[in-house]
2 protein chains.
Amino acid sequence: MNAVPTVDMWFEFASSYSYLAVMRAEAAARDAGVALRWRPFLLGPVFMSLGWNDSPFNIYPPKGRYMWRDMARLARKYEIPFRLPSQFPRNGLLAARVACLGQDEAWIGRFARAVMQANFGEDRDIGERAVIADLLTRLDLPAEALLAAATTDTAKAALRRQTEEATTRGLFGAPSFVVGDELFWGNDRLEDALAWATAPA
Amino acid sequence: MNAVPTVDMWFEFASSYSYLAVMRAEAAARDAGVALRWRPFLLGPVFMSLGWNDSPFNIYPPKGRYMWRDMARLARKYEIPFRLPSQFPRNGLLAARVACLGQDEAWIGRFARAVMQANFGEDRDIGERAVIADLLTRLDLPAEALLAAATTDTAKAALRRQTEEATTRGLFGAPSFVVGDELFWGNDRLEDALAWATAPA
């Protein structure tokens with residue numbers, strides 16, 4: 001029995017390059033005949049384990065200046081909306097808890113894209129509960145019920161466990177793609193990860 | 001009068017991803033109708049200015065582990081030889097001085113590829129004078145004369161100035177590609193840089 005080729009996409013709502021991957025991944029996976037699994041996690045603890053108490057794009061200004069220019073160029077190339085956020089990184093905790101709750105649900109792609117586009121395309125504060133509630137409502141999802149479920153101790157622990165799993169798997173940034181034991185880092189590697197998943201063993 | 005589309009490739013002989021770009025750049029530029037200018041520099045001073053006293057691939061082990069796996073995959077994809085170097089990073093100073101001397105000469109591409117392949121394809125110590133002499137000789141270049149010229153005060157100052165220019169231009173890693181004021185970082189951006197150089201203004 002052949003398993004369906006599968007790629008796990010690990011992403012963080014505060015991460016700029018995760019935005020590009022999240023906007024492209026579902027269509028690219030469909031075109032490649034690959035099942036996409038959404039794996040939201042928090043970069044903060046991962047960065048802390050590397051000795052960074054902020055985004056490396058803030059810690060190293062030349063990297064940060066370059067990243068924003070690169071983002072603008074790539075967004076244009078992919079025809080994805082982009083507006084320089086007035087705050088970076090934003091707090092992706094609540095959005096990640098909701099996404100973790102729904103990561104295997106049919107609405108996960110739509111929700112992830114809506115949050116990402118709010119952050120990097122519309123300069124909205126995704127750290128605010130009201131913004132996440134608004135996005136859920138516009139997707140015809142039960143905002144209050146999901147937000148209540150996402151902030152239970154069980155839901156909090158699920159995201160914490162998933163973030164720990166990211167570190168265990170050797171992740172050090174986002175987006176990252178995992179195919180079996182193979183790790184691919186960065187929006188630039190989405191296509192390589194999809195190709196790896198469908199290549200003959 | 002239209003200028004010939006030109007891309008400056010900034011590279012460092014000790015840099016793993018520079019290897020991939022150096023091996024590919026001349027053919028890719030020719031296919032794109034772009035003039036390629038070779039710009040060797042030293043990453044050490046650039047990393048020092050960012051607070052790193054070693055390669056970030058050594059400072060951050062998960063990044064390093066990933067990089068070597070990524071290198072092996074990409075080398076196979078590009079059909080470029082790859083052997084895990086027994087020492088990383090190697091000292092690229094002498095090779096960079098020779099390359100700086102010859103950066104606008106016809107032999108620069110052949111020399112750069114020979115040094116890079118020795119380091120990352122054959123596990124040879126490019127920090128040794130005898131290795132650089134051997135590579136020059138195999139390219140039918142006057143090894144002793146070039147090595148003597150590359151170690152004059154003038155030649156040393158030229159590489160130092162070029163490395164300072166890299167920082168001034170906002171470079172923070174290698175390889176980097178510069179098209180006018182546009183900076184592209186990483187082997188992954190070679191094709192984007194070539195496309196930028198030939199795009200209508």
# chains A, B, ... in the order shown; residues from 1 in each chain; ligands from 1
$ select_by_dssp --residues "chain A" --states "strand (DSSP E)" --output "number ranges by chain"
A: 6-11, 35-40, 176-179, 182-185
$ interface_residues --of "chain B" --to "chain A" --cutoff "8 Å" --atoms "only C-alpha atoms" --output "ChimeraX atom specification"
/B:50,60,62-63,66,70,170-172,183-184,188
$ write_last_selection --atoms "C-alpha atoms" --output "PDB file, in the first residue's frame"
ATOM      1  CA  LEU B  50      27.322  41.499  13.170  1.00  0.00           C
ATOM      2  CA  TYR B  60      24.066  27.811  15.693  1.00  0.00           C
ATOM      3  CA  PRO B  62      20.803  23.321  14.131  1.00  0.00           C
ATOM      4  CA  LYS B  63      21.458  25.769  11.265  1.00  0.00           C
ATOM      5  CA  TYR B  66      20.619  21.694   8.167  1.00  0.00           C
ATOM      6  CA  ASP B  70      20.774  21.149   2.168  1.00  0.00           C
ATOM      7  CA  GLY B 170      24.617  46.348   2.982  1.00  0.00           C
ATOM      8  CA  LEU B 171      25.935  42.831   2.402  1.00  0.00           C
ATOM      9  CA  PHE B 172      25.685  40.519   5.399  1.00  0.00           C
ATOM     10  CA  LEU B 183      20.729  43.401  -3.361  1.00  0.00           C
ATOM     11  CA  PHE B 184      19.921  39.695  -3.666  1.00  0.00           C
ATOM     12  CA  ASP B 188      18.696  30.809  -4.284  1.00  0.00           C
TER      13      ASP B 188
END
$ residues_around --residues "stretch 157-166 of chain B" --least-positions-apart "4" --cutoff "7 Å" --atoms "only C-alpha atoms" --output "PyMOL selection string"
chain B and resi 41-42+97+100+153+170-171
$ write_last_selection --atoms "N, CA and C atoms" --output "PDB file, in the first residue's frame"
ATOM      1  N   PHE B  41      35.300  38.686  -1.695  1.00  0.00           N
ATOM      2  CA  PHE B  41      35.490  39.474  -0.470  1.00  0.00           C
ATOM      3  C   PHE B  41      35.612  38.510   0.693  1.00  0.00           C
ATOM      4  N   LEU B  42      35.869  39.067   1.868  1.00  0.00           N
ATOM      5  CA  LEU B  42      36.026  38.235   3.069  1.00  0.00           C
ATOM      6  C   LEU B  42      34.802  38.382   3.960  1.00  0.00           C
ATOM      7  N   ARG B  97      42.711  36.941  -2.343  1.00  0.00           N
ATOM      8  CA  ARG B  97      43.663  37.942  -2.847  1.00  0.00           C
ATOM      9  C   ARG B  97      43.996  37.685  -4.313  1.00  0.00           C
ATOM     10  N   CYS B 100      40.900  38.608  -6.340  1.00  0.00           N
ATOM     11  CA  CYS B 100      40.719  40.060  -6.389  1.00  0.00           C
ATOM     12  C   CYS B 100      41.622  40.651  -7.477  1.00  0.00           C
ATOM     13  N   ASP B 153      51.534  44.609  -0.798  1.00  0.00           N
ATOM     14  CA  ASP B 153      50.690  45.495   0.007  1.00  0.00           C
ATOM     15  C   ASP B 153      49.520  46.043  -0.810  1.00  0.00           C
ATOM     16  N   GLY B 170      25.655  47.014   2.190  1.00  0.00           N
ATOM     17  CA  GLY B 170      24.617  46.348   2.982  1.00  0.00           C
ATOM     18  C   GLY B 170      24.709  44.840   2.969  1.00  0.00           C
ATOM     19  N   LEU B 171      25.792  44.286   2.421  1.00  0.00           N
ATOM     20  CA  LEU B 171      25.935  42.831   2.402  1.00  0.00           C
ATOM     21  C   LEU B 171      26.136  42.297   3.813  1.00  0.00           C
TER      22      LEU B 171
END
$ select_by_dssp --residues "chain A" --states "alpha helix (DSSP H)" --output "ChimeraX atom specification"
/A:16-32,43-49,56-59,61-78,93-101,108-120,129-138,143-150,153-168,190-198
$ residues_around --residues "A:Leu135" --least-positions-apart "4" --cutoff "12 Å" --atoms "only C-alpha atoms" --output "list in words"
Ala95, Val98, Arg110, Phe111, Ala112, Arg113, Ala114, Val115, Met116, Gln117, Ala118, Asn119, Arg124, Asp125, Ile126, Glu128, Arg129, Ala130, Val131, Leu139, Asp140, Leu141, Pro142, Ala143, Glu144, Leu146 and Leu147 of chain A
$ atom_distance --atom1 "atom CA of B:Arg76" --atom2 "atom CA of B:Leu36"
24.5 Å
$ atom_distance --atom1 "atom CA of B:Leu194" --atom2 "atom CA of B:Glu79"
20.8 Å
$ atom_distance --atom1 "atom CA of A:Val7" --atom2 "atom CA of A:Ala75"
22.9 Å
$ closest_residue --among "B:Met71, B:Ala149, B:Val46, B:Ile80" --to "B:Leu94" --atoms "only C-alpha atoms"
B:Ala149
$ residues_around --residues "A:Arg83" --least-positions-apart "5" --cutoff "9 Å" --atoms "only C-alpha atoms" --output "count of residues only"
6
$ closest_residue --among "B:Pro85, B:Pro200, B:Gly186, B:Gly109" --to "B:Leu20" --atoms "only C-alpha atoms"
B:Gly186
$ closest_residue --among "B:Phe177, B:Phe57, B:Trp52, B:Arg39" --to "B:Phe88" --atoms "only C-alpha atoms"
B:Phe57
$ closest_residue --among "B:Ala27, B:Met48, B:Ile132, B:Ala193" --to "B:Gly180" --atoms "only C-alpha atoms"
B:Ala193
$ closest_residue --among "B:Glu12, B:Gly44, B:Ala133, B:Glu26" --to "B:Ala106" --atoms "only C-alpha atoms"
B:Glu26
$ closest_residue --among "A:Pro5, A:Gly33, A:Pro40, A:Gly127" --to "A:Pro175" --atoms "only C-alpha atoms"
A:Pro40
